Amino acid sequence: MHELAITQNLIAMVDAECKKHQILTPTRIVVDLGFFTTYSKDSILFYYNILRKDSPLLRKARLQINTVNGKIRCLDCHHETIVKDPHMILCQKCHSLNVQILQGREFILKEICNGD
Amino acid sequence: MCEECGCGESSSVKKNDNKHSMIVNRSVTEANDLLAQQNLDFLSEKKILSINLMGAPGSGKTTFIEGICNYLKPADVVVIQGDLESDIDKRRLEAHKIQSYQINTHSGCHLTSAMINKALLDLDVSKKKYLIIENVGNLVCPANVNIGQHLNIVVSSTVEGTDKPQKYPYIFMDASLIVLSKYDLADKTDFHEEQYVRDLHHINAKAALLKTSSKDALSFKPAADFLDHQRDHLFSIHHTHSRKKM
């Protein structure tokens with residue numbers, strides 16, 4: 001449900017960056033979406049494909065969403081773990097629950113490609 | 001000029017197999033996050049503890065505010081209420097002499113930092129110690145959105161079921177306090193406390209867990225003490241005498 005607003009934000013940002021760098025026909029928009037966010041990749045793509053119909057700039061631009069792993073660091077043994085299950089946020093090595101989230105909360109506009 | 005192909009673009013534009021790609025690296029949420037930080041700075045400067053109160057519709061968020069205001073001075077508290085429609089909760093709190101500001105999001109599923117910013121411009125918070133932002137009842141969307149809070153509290157009631165941490169882990173992940181509300185009804189439902197606590201612990205082992213019941217006014221006192229302590233700790237406030245209502 002909240003993906004509509006965030007996709008509108010993304011399109012506004014792409015629009016501004018394309019204007020700034022005089023990109024007239026972007027062909028691919030690359031974003032990184034963190035594992036720990038509650039944004040649905042499918043919903044973002046769904047809204048993007050609707051919204052871009054109203055945007056001459058984005059008519060040929062495909063949206064590529066890369067999922068960023070959730071990564072934690074154990075504050076007891078310092079081991080870093082890739083979290084596969086959001087219900088088990090614990091150190092893979094020593095099983096401590098005393099951990100810090102390092103990665104996976106981001107939603108980043110990474111790249112705008114022009115010509116592929 | 002582009003260092004790689006000399007095409008006249010800035011250095012953030014790189015050539016890639018006869019194609020151009022521009023590295024942007026900007027957070028899609030940056031506009032909201034920037035305003036959230038401004039809200040937070042404004043509140044910190046005034047030593048107002050800002051709380052993002054989240055939970056499902058009917059979990060007991062407004063009851064929680066009523067309950068803790070028996071132990072915090074109502075005059076120290078200001079509440080921003082987020083609901084799709086109506087000012088029912090605002091009127092409910094005003095009956096307890098708690099200053100309240102209603103935001104109706106209509107179709108919006110969560111509050112944003114811009115909404116809070118506008119509310120802060122409209123409100124006089126100069127003599128307040130606590131800002132409680134009661135977010136729209138929802139266990140999904142508010143989890144992602146910074147609004148300018150020092151801490152998150154999630155109210156989760158026993159009647160919603162044991163499985164809430166398993167089904168909605170993200171809302172619990174960043175909470176400093178989880179309030180297990182309607183605790184008096186735990187034995188009237190099939191709520192399994194041990195399982196609930198274990199699941200919660202695997203998602204967020206650092207959060208405090210407090211049990212409350214609207215039938216037991218005293219059950220809200222530890223939560224009021226928790227907020228009092230958090231504010232003192234955050235703003236390095238030292239007291240020479242107790243200020244709490246008994």
# chains A, B, ... in the order shown; residues from 1 in each chain; ligands from 1
call {"tool": "residues_around", "arguments": {"residues": "region 32-34 of chain B", "least_positions_apart": "3", "cutoff": "6 Å", "atoms": "only C-alpha atoms", "output": "JSON, numbers by chain"}}
result
{"B": [29, 37, 113]}
call {"tool": "write_last_selection", "arguments": {"atoms": "N, CA and C atoms", "output": "JSON list (two decimals), in the first residue's frame"}}
result
[["chain", "number", "residue", "atom", "x", "y", "z"],
["B", 29, "THR", "N", 14.29, 7.72, 0.27],
["B", 29, "THR", "CA", 13.56, 8.30, 1.41],
["B", 29, "THR", "C", 14.24, 9.55, 1.96],
["B", 37, "GLN", "N", 14.86, 14.37, 10.67],
["B", 37, "GLN", "CA", 16.01, 14.81, 11.47],
["B", 37, "GLN", "C", 15.80, 16.24, 11.99],
["B", 113, "SER", "N", 7.17, 12.48, 8.10],
["B", 113, "SER", "CA", 7.86, 13.55, 8.81],
["B", 113, "SER", "C", 7.29, 14.92, 8.44]]
call {"tool": "closest_atom_pairs", "arguments": {"of": "chain A", "to": "chain B", "cutoff": "6 Å", "atoms": "only C-alpha atoms", "output": "Markdown table"}}
result
| residue | atom | partner | partner_atom | distance |
| --- | --- | --- | --- | --- |
| A:Leu10 | CA | B:Val28 | CA | 5.7 |
| A:His87 | CA | B:Ile203 | CA | 5.3 |
| A:Met88 | CA | B:His202 | CA | 5.0 |
| A:Ile89 | CA | B:Ile203 | CA | 5.4 |
| A:Leu97 | CA | B:Ala205 | CA | 5.9 |
| A:Phe107 | CA | B:Ser27 | CA | 5.8 |
| A:Ile108 | CA | B:Ser27 | CA | 4.3 |
| A:Leu109 | CA | B:Arg26 | CA | 5.3 |
| A:Lys110 | CA | B:Asn25 | CA | 4.4 |
| A:Glu111 | CA | B:Ile23 | CA | 4.5 |
| A:Ile112 | CA | B:Met22 | CA | 5.1 |
| A:Cys113 | CA | B:Ser21 | CA | 4.1 |
| A:Asn114 | CA | B:His20 | CA | 5.2 |
| A:Gly115 | CA | B:Lys19 | CA | 5.1 |
call {"tool": "closest_atom_pairs", "arguments": {"of": "region 100-209 of chain B", "to": "region 54-68 of chain B", "cutoff": "7 Å", "atoms": "only C-alpha atoms", "output": "CSV"}}
result
residue,atom,partner,partner_atom,distance
B:Glu134,CA,B:Met54,CA,6.4
B:Asn135,CA,B:Met54,CA,5.4
B:Gly137,CA,B:Pro57,CA,4.2
B:Asn138,CA,B:Ala56,CA,4.7
B:Leu139,CA,B:Ala56,CA,5.5
B:Ile153,CA,B:Met54,CA,6.1
B:Val154,CA,B:Met54,CA,4.8
B:Val155,CA,B:Gly55,CA,4.9
B:Ser156,CA,B:Ser59,CA,5.7
B:Ser157,CA,B:Ser59,CA,5.2
B:Ser181,CA,B:Gly60,CA,6.6
call {"tool": "write_last_selection", "arguments": {"atoms": "C-alpha atoms", "output": "short mmCIF file (atom, residue, chain, number, x, y, z; two decimals), in the first residue's frame"}}
result
data_model
loop_
_atom_site.label_atom_id
_atom_site.label_comp_id
_atom_site.auth_asym_id
_atom_site.auth_seq_id
_atom_site.Cartn_x
_atom_site.Cartn_y
_atom_site.Cartn_z
CA GLU B 134 0.23 7.82 17.90
CA ASN B 135 0.76 6.49 14.41
CA GLY B 137 -3.05 1.66 13.38
CA ASN B 138 -1.00 -0.61 11.17
CA LEU B 139 1.68 -3.25 11.72
CA ILE B 153 7.03 1.78 21.17
CA VAL B 154 4.86 -1.02 19.85
CA VAL B 155 1.58 -1.87 21.56
CA SER B 156 0.61 -5.47 20.86
CA SER B 157 -2.40 -6.99 22.59
CA SER B 181 -1.66 -4.93 26.32
#
call {"tool": "residues_around", "arguments": {"residues": "Leu75 (chain A)", "least_positions_apart": "5", "cutoff": "8 Å", "atoms": "only C-alpha atoms", "output": "MDAnalysis selection string"}}
result
chainID A and resid 98:100
call {"tool": "residues_around", "arguments": {"residues": "Gln8 (chain A)", "least_positions_apart": "5", "cutoff": "10 Å", "atoms": "only C-alpha atoms", "output": "MDAnalysis selection string"}}
result
(chainID A and resid 3 13:14 44 47:48 51:52) or (chainID B and resid 28)
call {"tool": "decode", "arguments": {"residues": "region 51-83 of chain B", "atoms": "N, CA and C atoms", "output": "JSON list (two decimals), in the first residue's frame"}}
result
[["chain", "number", "residue", "atom", "x", "y", "z"],
["B", 51, "ILE", "N", 8.19, 10.11, 20.87],
["B", 51, "ILE", "CA", 7.89, 8.67, 20.85],
["B", 51, "ILE", "C", 6.99, 8.35, 19.67],
["B", 52, "ASN", "N", 7.39, 7.40, 18.88],
["B", 52, "ASN", "CA", 6.56, 6.91, 17.78],
["B", 52, "ASN", "C", 5.81, 5.69, 18.31],
["B", 53, "LEU", "N", 4.53, 5.86, 18.58],
["B", 53, "LEU", "CA", 3.72, 4.80, 19.19],
["B", 53, "LEU", "C", 2.97, 4.07, 18.08],
["B", 54, "MET", "N", 3.29, 2.80, 17.92],
["B", 54, "MET", "CA", 2.73, 2.03, 16.80],
["B", 54, "MET", "C", 2.00, 0.79, 17.32],
["B", 55, "GLY", "N", 1.15, 0.26, 16.48],
["B", 55, "GLY", "CA", 0.42, -0.95, 16.84],
["B", 55, "GLY", "C", -0.77, -1.12, 15.92],
["B", 56, "ALA", "N", -1.39, -2.27, 15.99],
["B", 56, "ALA", "CA", -2.54, -2.55, 15.13],
["B", 56, "ALA", "C", -3.75, -1.72, 15.58],
["B", 57, "PRO", "N", -4.72, -1.51, 14.70],
["B", 57, "PRO", "CA", -5.95, -0.84, 15.15],
["B", 57, "PRO", "C", -6.57, -1.63, 16.30],
["B", 58, "GLY", "N", -6.94, -0.93, 17.35],
["B", 58, "GLY", "CA", -7.60, -1.60, 18.48],
["B", 58, "GLY", "C", -6.64, -2.29, 19.44],
["B", 59, "SER", "N", -5.34, -2.11, 19.26],
["B", 59, "SER", "CA", -4.38, -2.79, 20.15],
["B", 59, "SER", "C", -4.32, -2.14, 21.53],
["B", 60, "GLY", "N", -4.72, -0.88, 21.59],
["B", 60, "GLY", "CA", -4.72, -0.19, 22.89],
["B", 60, "GLY", "C", -3.73, 0.95, 22.96],
["B", 61, "LYS", "N", -3.45, 1.59, 21.85],
["B", 61, "LYS", "CA", -2.48, 2.69, 21.83],
["B", 61, "LYS", "C", -3.00, 3.90, 22.63],
["B", 62, "THR", "N", -4.24, 4.27, 22.38],
["B", 62, "THR", "CA", -4.79, 5.44, 23.08],
["B", 62, "THR", "C", -4.98, 5.11, 24.57],
["B", 63, "THR", "N", -5.39, 3.90, 24.85],
["B", 63, "THR", "CA", -5.52, 3.47, 26.25],
["B", 63, "THR", "C", -4.16, 3.53, 26.95],
["B", 64, "PHE", "N", -3.13, 3.18, 26.21],
["B", 64, "PHE", "CA", -1.76, 3.25, 26.77],
["B", 64, "PHE", "C", -1.42, 4.69, 27.16],
["B", 65, "ILE", "N", -1.77, 5.64, 26.28],
["B", 65, "ILE", "CA", -1.48, 7.05, 26.59],
["B", 65, "ILE", "C", -2.28, 7.48, 27.82],
["B", 66, "GLU", "N", -3.55, 7.11, 27.84],
["B", 66, "GLU", "CA", -4.38, 7.45, 29.02],
["B", 66, "GLU", "C", -3.77, 6.85, 30.28],
["B", 67, "GLY", "N", -3.33, 5.61, 30.17],
["B", 67, "GLY", "CA", -2.79, 4.89, 31.33],
["B", 67, "GLY", "C", -1.52, 5.52, 31.87],
["B", 68, "ILE", "N", -0.59, 5.87, 30.97],
["B", 68, "ILE", "CA", 0.68, 6.44, 31.47],
["B", 68, "ILE", "C", 0.50, 7.86, 31.98],
["B", 69, "CYS", "N", -0.54, 8.54, 31.47],
["B", 69, "CYS", "CA", -0.76, 9.93, 31.93],
["B", 69, "CYS", "C", -1.34, 9.98, 33.33],
["B", 70, "ASN", "N", -1.64, 8.82, 33.93],
["B", 70, "ASN", "CA", -1.96, 8.79, 35.36],
["B", 70, "ASN", "C", -0.68, 8.93, 36.18],
["B", 71, "TYR", "N", 0.47, 8.71, 35.52],
["B", 71, "TYR", "CA", 1.75, 8.74, 36.24],
["B", 71, "TYR", "C", 2.71, 9.81, 35.73],
["B", 72, "LEU", "N", 2.52, 10.20, 34.47],
["B", 72, "LEU", "CA", 3.23, 11.38, 33.97],
["B", 72, "LEU", "C", 2.24, 12.53, 34.14],
["B", 73, "LYS", "N", 2.72, 13.73, 34.29],
["B", 73, "LYS", "CA", 1.77, 14.84, 34.39],
["B", 73, "LYS", "C", 1.15, 15.09, 33.02],
["B", 74, "PRO", "N", -0.17, 15.08, 32.89],
["B", 74, "PRO", "CA", -0.79, 15.34, 31.58],
["B", 74, "PRO", "C", -0.31, 16.65, 30.95],
["B", 75, "ALA", "N", -0.01, 17.64, 31.80],
["B", 75, "ALA", "CA", 0.45, 18.93, 31.26],
["B", 75, "ALA", "C", 1.83, 18.84, 30.61],
["B", 76, "ASP", "N", 2.57, 17.75, 30.92],
["B", 76, "ASP", "CA", 3.90, 17.56, 30.33],
["B", 76, "ASP", "C", 3.84, 16.87, 28.97],
["B", 77, "VAL", "N", 2.64, 16.38, 28.63],
["B", 77, "VAL", "CA", 2.51, 15.50, 27.46],
["B", 77, "VAL", "C", 1.73, 16.19, 26.35],
["B", 78, "VAL", "N", 2.21, 16.04, 25.13],
["B", 78, "VAL", "CA", 1.43, 16.46, 23.97],
["B", 78, "VAL", "C", 1.37, 15.26, 23.03],
["B", 79, "VAL", "N", 0.19, 15.05, 22.44],
["B", 79, "VAL", "CA", -0.01, 13.88, 21.60],
["B", 79, "VAL", "C", -0.37, 14.32, 20.18],
["B", 80, "ILE", "N", 0.25, 13.70, 19.21],
["B", 80, "ILE", "CA", -0.18, 13.86, 17.82],
["B", 80, "ILE", "C", -0.85, 12.54, 17.43],
["B", 81, "GLN", "N", -2.10, 12.64, 17.05],
["B", 81, "GLN", "CA", -2.90, 11.46, 16.72],
["B", 81, "GLN", "C", -2.96, 11.26, 15.22],
["B", 82, "GLY", "N", -2.68, 10.07, 14.76],
["B", 82, "GLY", "CA", -2.83, 9.76, 13.34],
["B", 82, "GLY", "C", -3.93, 8.74, 13.11],
["B", 83, "ASP", "N", -4.94, 9.15, 12.38],
["B", 83, "ASP", "CA", -6.02, 8.23, 12.00],
["B", 83, "ASP", "C", -6.44, 8.57, 10.58]]
